[in-house]
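Text of the file coords.cif, holding mmCIF, C-alpha atoms and all ligand atoms:
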data_structure
#
loop_
_atom_site.label_atom_id
_atom_site.label_comp_id
_atom_site.auth_asym_id
_atom_site.auth_seq_id
_atom_site.Cartn_x
_atom_site.Cartn_y
_atom_site.Cartn_z
CA MET A 1 77.07 96.68 111.45
CA ALA A 2 80.71 95.75 111.10
CA GLN A 3 82.83 97.17 108.35
CA GLN A 4 82.77 95.44 105.07
CA ASP A 5 86.22 93.89 105.44
CA ASP A 6 85.24 92.41 108.79
CA THR A 7 82.38 90.61 107.17
CA PRO A 8 83.29 87.06 106.44
CA ARG A 9 81.98 86.24 103.02
CA PRO A 10 79.43 83.51 103.60
CA ARG A 11 81.30 80.66 101.97
CA ASP A 12 78.28 78.49 101.56
CA ALA A 13 76.83 81.02 99.21
CA ASP A 14 79.41 80.15 96.60
CA ARG A 15 77.93 76.72 96.35
CA VAL A 16 74.41 77.88 95.81
CA VAL A 17 73.71 77.20 92.17
CA GLY A 18 70.67 76.29 90.14
CA ALA A 19 67.64 78.22 89.17
CA PRO A 20 65.21 79.35 91.82
CA GLY A 21 62.12 77.22 91.59
CA ALA A 22 64.00 74.11 90.54
CA ALA A 23 63.43 72.91 94.05
CA GLU A 24 59.68 72.73 93.70
CA THR A 25 59.98 69.78 91.35
CA GLY A 26 61.20 67.92 94.40
CA GLY A 27 63.27 64.77 94.44
CA ASP A 28 64.06 61.96 96.74
CA GLU A 29 66.93 63.73 98.46
CA PRO A 30 66.05 66.51 100.86
CA HIS A 31 67.85 69.75 100.20
CA ASP A 32 70.64 70.77 102.46
CA ALA A 33 69.75 74.04 104.20
CA ARG A 34 72.76 75.88 105.57
CA VAL A 35 72.54 78.64 108.11
CA VAL A 36 75.25 81.28 108.02
CA VAL A 37 75.89 83.83 110.78
CA TRP A 38 78.03 86.93 110.45
CA ASP A 39 78.60 90.37 111.95
CA THR A 40 78.78 88.83 115.43
CA PRO A 41 80.44 91.36 117.80
CA ALA A 42 83.77 90.25 119.27
CA ALA A 43 82.53 91.01 122.77
CA ILE A 44 79.32 92.30 124.29
CA GLU A 45 78.76 93.81 127.73
CA CYS A 46 76.50 91.96 130.15
CA GLY A 47 72.85 92.63 129.41
CA LYS A 48 73.52 94.87 126.41
CA ARG A 49 71.73 94.74 123.10
CA PHE A 50 73.57 93.50 120.04
CA ALA A 51 72.74 92.18 116.60
CA VAL A 52 73.97 89.51 114.24
CA ARG A 53 73.11 88.81 110.63
CA LEU A 54 71.66 85.46 109.66
CA GLY A 55 71.24 83.94 106.26
CA VAL A 56 70.12 80.61 104.85
CA ALA A 57 71.34 79.00 101.66
CA CYS A 58 69.79 75.90 100.11
CA SER A 59 71.98 73.36 98.32
CA ALA A 60 69.47 73.26 95.46
CA GLY A 61 69.18 77.01 95.20
CA CYS A 62 65.73 77.55 96.68
CA ARG A 63 65.04 81.18 97.41
CA THR A 64 65.09 81.37 101.18
CA ALA A 65 63.18 84.65 101.41
CA GLY A 66 60.46 84.39 104.04
CA TRP A 67 62.13 81.56 105.90
CA VAL A 68 62.23 81.92 109.65
CA VAL A 69 65.44 81.45 111.64
CA GLU A 70 65.25 81.01 115.39
CA VAL A 71 68.02 81.83 117.85
CA ARG A 72 68.21 79.79 121.04
CA ASP A 73 70.62 80.09 123.95
CA ASP A 74 72.79 77.43 125.61
CA ALA A 75 69.80 76.29 127.69
CA GLY A 76 67.55 75.97 124.65
CA GLY A 77 65.55 79.07 125.47
CA LYS A 78 64.27 81.03 122.52
CA ARG A 79 66.00 84.41 122.23
CA ALA A 80 64.69 85.72 118.96
CA ALA A 81 63.39 84.83 115.54
CA ALA A 82 63.92 86.58 112.24
CA THR A 83 62.21 86.32 108.88
CA LEU A 84 64.64 86.44 105.97
CA GLY A 85 64.23 89.33 103.56
CA ASP A 86 63.63 89.22 99.82
CA ASP A 87 67.02 90.35 98.56
CA PRO A 88 69.92 87.90 98.50
CA TRP A 89 73.20 89.02 100.11
CA PRO A 90 75.24 90.92 97.52
CA GLY A 91 77.37 88.57 95.45
CA THR A 92 75.19 85.53 96.13
CA ASP A 93 72.34 84.04 94.15
CA ALA A 94 69.99 83.01 96.88
CA LEU A 95 71.41 83.69 100.32
CA CYS A 96 68.52 85.62 101.81
CA HIS A 97 69.27 87.12 105.17
CA ALA A 98 68.08 89.25 108.08
CA GLU A 99 69.50 91.12 111.02
CA VAL A 100 68.31 89.83 114.35
CA ALA A 101 68.39 91.87 117.55
CA LEU A 102 69.53 90.06 120.69
CA VAL A 103 70.29 90.80 124.32
CA ALA A 104 73.46 89.47 125.94
CA PRO A 105 73.15 87.32 129.07
CA ASP A 106 74.14 88.73 132.47
CA VAL A 107 76.78 86.08 132.96
CA GLU A 108 80.31 86.69 131.71
CA GLY A 109 82.01 84.18 129.48
CA LEU A 110 81.61 82.57 126.10
CA HIS A 111 78.06 81.42 125.46
CA THR A 112 77.27 79.16 122.55
CA TRP A 113 73.92 79.92 121.01
CA THR A 114 72.31 78.27 118.04
CA ALA A 115 70.59 79.66 114.97
CA ALA A 116 68.29 77.15 113.31
CA ALA A 117 66.22 77.42 110.15
CA LEU A 118 62.62 76.33 110.59
CA THR A 119 62.25 73.98 107.67
CA ASP A 120 58.65 72.87 108.01
CA ARG A 121 57.34 75.79 106.00
CA PRO A 122 59.15 75.48 102.64
CA ALA A 123 57.55 73.19 100.08
CA ALA A 124 60.52 70.96 99.41
CA ALA A 125 62.03 68.81 102.15
CA HIS A 126 65.06 70.40 103.75
CA THR A 127 67.46 69.10 106.31
CA GLY A 128 67.42 71.28 109.38
CA GLY A 129 70.19 73.81 108.95
CA ARG A 130 71.76 75.28 112.04
CA ALA A 131 74.81 77.29 112.99
CA ARG A 132 76.49 78.20 116.24
CA ILE A 133 76.79 81.77 117.46
CA GLY A 134 79.63 82.49 119.88
CA VAL A 135 78.41 85.19 122.26
CA ARG A 136 81.34 86.50 124.31
CA VAL A 137 80.03 88.44 127.29
CA VAL A 138 82.24 90.79 129.28
CA SER A 139 81.45 92.86 132.35
CA ALA A 140 80.91 96.57 131.98
CA PRO A 141 83.93 98.85 132.46
CA ALA A 142 83.86 99.64 136.17
CA CYS A 143 87.41 100.65 137.12
CA LEU A 144 89.27 103.85 136.35
CA LEU A 145 92.83 102.96 135.44
CA THR A 146 95.09 106.02 135.61
CA VAL A 147 98.58 105.89 134.15
CA VAL A 148 101.10 108.57 135.04
CA ALA A 149 104.12 108.48 132.75
CA THR A 150 107.30 110.24 133.85
CA ASP A 151 110.83 110.39 132.54
CA ALA A 152 112.92 108.25 134.88
CA GLU A 153 115.82 110.70 134.80
CA SER A 154 114.31 114.15 134.62
CA ARG A 155 111.04 113.22 136.45
CA ASN A 156 109.18 115.29 133.89
CA PRO A 157 105.83 114.09 132.59
CA VAL A 158 105.95 112.22 129.30
CA ALA A 159 103.20 113.40 126.96
CA GLY A 160 102.05 111.41 123.96
CA ALA A 161 103.02 108.01 125.38
CA ARG A 162 100.85 105.17 124.17
CA VAL A 163 99.08 103.08 126.80
CA VAL A 164 97.73 99.67 125.85
CA ALA A 165 95.86 97.26 128.12
CA HIS A 166 94.10 95.04 125.64
CA PRO A 167 91.44 95.77 124.49
CA TYR A 168 91.73 99.30 125.90
CA ARG A 169 94.14 102.00 124.79
CA ALA A 170 94.87 105.66 125.41
CA VAL A 171 97.58 108.31 125.02
CA THR A 172 99.07 110.39 127.83
CA ASP A 173 98.26 114.10 127.91
CA ASP A 174 100.53 117.07 128.65
CA ARG A 175 100.63 116.07 132.31
CA GLY A 176 101.76 112.56 131.32
CA VAL A 177 98.39 111.19 132.40
CA ALA A 178 96.14 108.72 130.58
CA GLU A 179 92.83 107.43 131.91
CA LEU A 180 91.14 104.21 130.80
CA ARG A 181 87.79 102.85 131.92
CA VAL A 182 88.23 99.09 132.09
CA ALA A 183 86.33 96.06 133.29
CA ALA A 184 87.79 94.48 136.43
CA GLY A 185 90.25 91.80 135.44
CA GLU A 186 93.83 90.77 134.80
CA TYR A 187 95.79 92.98 132.47
CA ARG A 188 99.13 93.28 130.80
CA LEU A 189 99.68 96.97 130.29
CA PHE A 190 102.34 98.62 128.17
CA VAL A 191 103.37 102.27 128.17
CA SER A 192 105.60 103.24 125.29
CA GLY A 193 106.99 106.58 124.24
CA LYS A 194 109.34 107.66 121.54
CA SER A 195 112.98 107.01 122.55
CA TYR A 196 111.89 105.24 125.75
CA ILE A 197 112.10 101.59 126.69
CA PRO A 198 108.49 100.33 126.94
CA PHE A 199 107.18 100.01 130.49
CA ARG A 200 105.20 96.89 131.34
CA PHE A 201 102.76 96.12 134.13
CA ASP A 202 101.13 92.74 134.77
CA GLY A 203 98.43 92.39 137.36
CA ALA A 204 94.86 92.53 138.48
CA VAL A 205 92.78 95.68 138.28
CA LYS A 206 89.86 95.30 140.67
CA ALA A 207 89.18 98.91 141.65
CA ASP A 208 90.28 102.38 140.61
CA THR A 209 94.03 102.08 140.19
CA THR A 210 96.93 104.40 139.47
CA ILE A 211 100.04 103.05 137.80
CA ARG A 212 103.20 105.13 137.78
CA ALA A 213 105.25 104.36 134.73
CA GLU A 214 108.82 105.60 134.96
CA LEU A 215 110.15 105.50 131.46
CA ALA A 216 113.85 104.90 130.99
CA HIS A 217 115.56 106.27 127.93
CA ASP A 218 116.43 103.84 125.23
CA ARG A 219 120.22 103.53 125.12
CA GLU A 220 121.29 105.92 122.45
CA LEU A 221 124.38 107.92 121.66
CA SER A 222 124.02 111.42 123.02
CA ASP A 223 125.61 114.46 121.45
CA ALA A 224 128.17 114.33 124.24
CA ASP A 225 129.09 110.75 123.33
CA ILE A 226 129.42 111.64 119.67
CA TRP A 227 131.63 114.69 120.21
CA SER A 228 133.81 113.39 123.00
ZN ZN B 1 65.83 73.83 98.76
#
What does this structure look like when you write it as C-alpha cells?
Amino acid sequence: MAQQDDTPRPRDADRVVGAPGAAETGGDEPHDARVVVWDTPAAIECGKRFAVRLGVACSAGCRTAGWVVEVRDDAGGKRAAATLGDDPWPGTDALCHAEVALVAPDVEGLHTWTAAALTDRPAAAHTGGRARIGVRVVSAPACLLTVVATDAESRNPVAGARVVAHPYRAVTDDRGVAELRVAAGEYRLFVSGKSYIPFRFDGAVKADTTIRAELAHDRELSDADIWS
C-alpha cells in the first residue's frame, strides 16, 4: 500500500451525499455509479504481482458495499474481480472499496486496463461506472551498472558521490564504486560529489557496464589563491 500522502483522495467521494437507502425509493433517473482507482504502482516488473484499490461511489449515496468490480485488460480479458467491503473509505460517506490483486503482463509498456462496476445486482438502476487503470510494465533489472568515481586531478577514489540513473540511485563507497542493478535501456546518469562538477553520461545500457566518472573540481579559490 502506498503512503498516505501518495493516495489521491477520491474526489468523487466529496460529491456523495444523501442518506443511504434513499436510493431504494427509485426515480426515473438512473444513479451515476463512479468507479475510483488508487494506489496504482508507478511501475511494475513484467509478470509480477501488484495490487490496486478500487472503490465505487453512487451519485445518490447508495451504499456500495457488496458491489462487484471487474478488472479487464486491453484485450477485454478478465483479470480479476473484487467485492467491495462494508466500511466506506475514511473521510467519505459511502465510498466502499476493496484491494484487488493483479498480475502484470509480460509485455513492457503502458497498458490501459479497465475497472467496471457490475451494476445489475443493486436494486436501483445505475449507469455503468468504469475507470481506467494505467499499468506501466518494465522489464526486470538485468544489467549490473558499475560506476567508478575518481578525482580527475589526484586520481583518488571519490567516496560518497551520488549516482542517479532514474529511477535508480546509489552512493559510491570508499573505493569510489557504486553498483546499480538496472533494466536494459537508455539512461542519463549523473555522478555528483561535494565540490565537484557533476559528471554526466547519456547512453544505452544493454549488458553489464562500467562507467568511469572522472570528477573535476568545481572552480573555487584555493588557500594558495587567497594568500598569494
Ligand atoms: Zn445509487
> Of the residues A:Thr40, A:Thr83, A:Ser154, A:Thr127, which is the one nearest to ligand ZN 1 (chain B), using all atoms listed in the file?
Replying inline: A:Thr127
>> Taking all atoms listed in the file into account, list the residues no farther than 8 Å from ligand ZN 1 (chain B), as number ranges by chain.
In response: A: 23, 30-33, 58-64, 122, 124-126
> Of the candidates A:Val138, A:Ile197, A:Ala82, A:Leu180, which shows the shortest atom-to-atom distance to Ile44 of chain A, using all atoms listed in the file?
Replying inline: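 Comparing A:Val138, A:Ile197, A:Ala82, A:Leu180 against Ile44 of chain A, the winner is A:Val138.
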> Which one is closest to Arg34 of chain A: A:Ala159, A:Ala178, A:Ala116, A:Leu144? Count all atoms listed in the file.
Replying inline: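 Going through A:Ala159, A:Ala178, A:Ala116, A:Leu144 one by one, the smallest distance to Arg34 of chain A is for A:Ala116.
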> So how many Å separate atom CA of Ala149 of chain A and atom CA of Lys206 of chain A, to one decimal?
Replying inline: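 Atom-to-atom, atom CA of Ala149 of chain A to atom CA of Lys206 of chain A, that is 21.0 Å.
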> Residues around (68.7, 87.6, 105.5), cut-off 9 Å, counting only C-alpha atoms - what are they as a list in words?
Replying inline: Arg53, Leu54, Gly55, Val56, Thr64, Ala65, Gly66, Trp67, Ala82, Thr83, Leu84, Gly85, Asp86, Asp87, Pro88, Trp89, Leu95, Cys96, His97, Ala98 and Glu99 of chain A
> Residues at most 8 Å from segment 160-166 of chain A, counting all atoms listed in the file, excluding those fewer than 5 positions away in the same chain, as a list in words?
Replying inline: Val147, Ala149, Val171, Thr172, Asp173, Asp174, Gly176, Ala178, Tyr187, Arg188, Leu189, Phe190, Val191, Ser192, Gly193 and Lys194 of chain A
>> When you look at Ala213 of chain A with a cut-off of 9 Å (counting only C-alpha atoms), what residues show up, excluding the ones that are within fewer than 6 positions of it in the same chain? I need them as a VMD selection string.
In response: chain A and resid 147 to 152 191 199 to 201
> Counting only C-alpha atoms, what is within 12 Å of Asp106 of chain A, bar same-chain residues fewer than 3 positions away, as a PyMOL selection string?
Replying inline: chain A and resi 44-49+103+109-111+135-140
> What gap, in Å, lies between atom CA of Pro41 of chain A and atom CA of Glu108 of chain A?
Replying inline: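 We find that atom CA of Pro41 of chain A and atom CA of Glu108 of chain A lie 14.7 Å from each other.
Here atom CA of Leu102 of chain A and atom CA of Tyr168 of chain A stand 24.6 Å from one another.
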> Which one is closest to Val177 of chain A: A:Thr146, A:Arg219, A:Gly203, A:Asn156? Count only C-alpha atoms.
Replying inline: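 Among A:Thr146, A:Arg219, A:Gly203, A:Asn156, it is A:Thr146 that comes nearest to Val177 of chain A.
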> If we count only C-alpha atoms, what is near Glu153 of chain A at a cut-off of 12 Å, once residues fewer than 3 positions away on the same chain are taken out, given as a PyMOL selection string?
Replying inline: chain A and resi 150+156-158+196+214-218
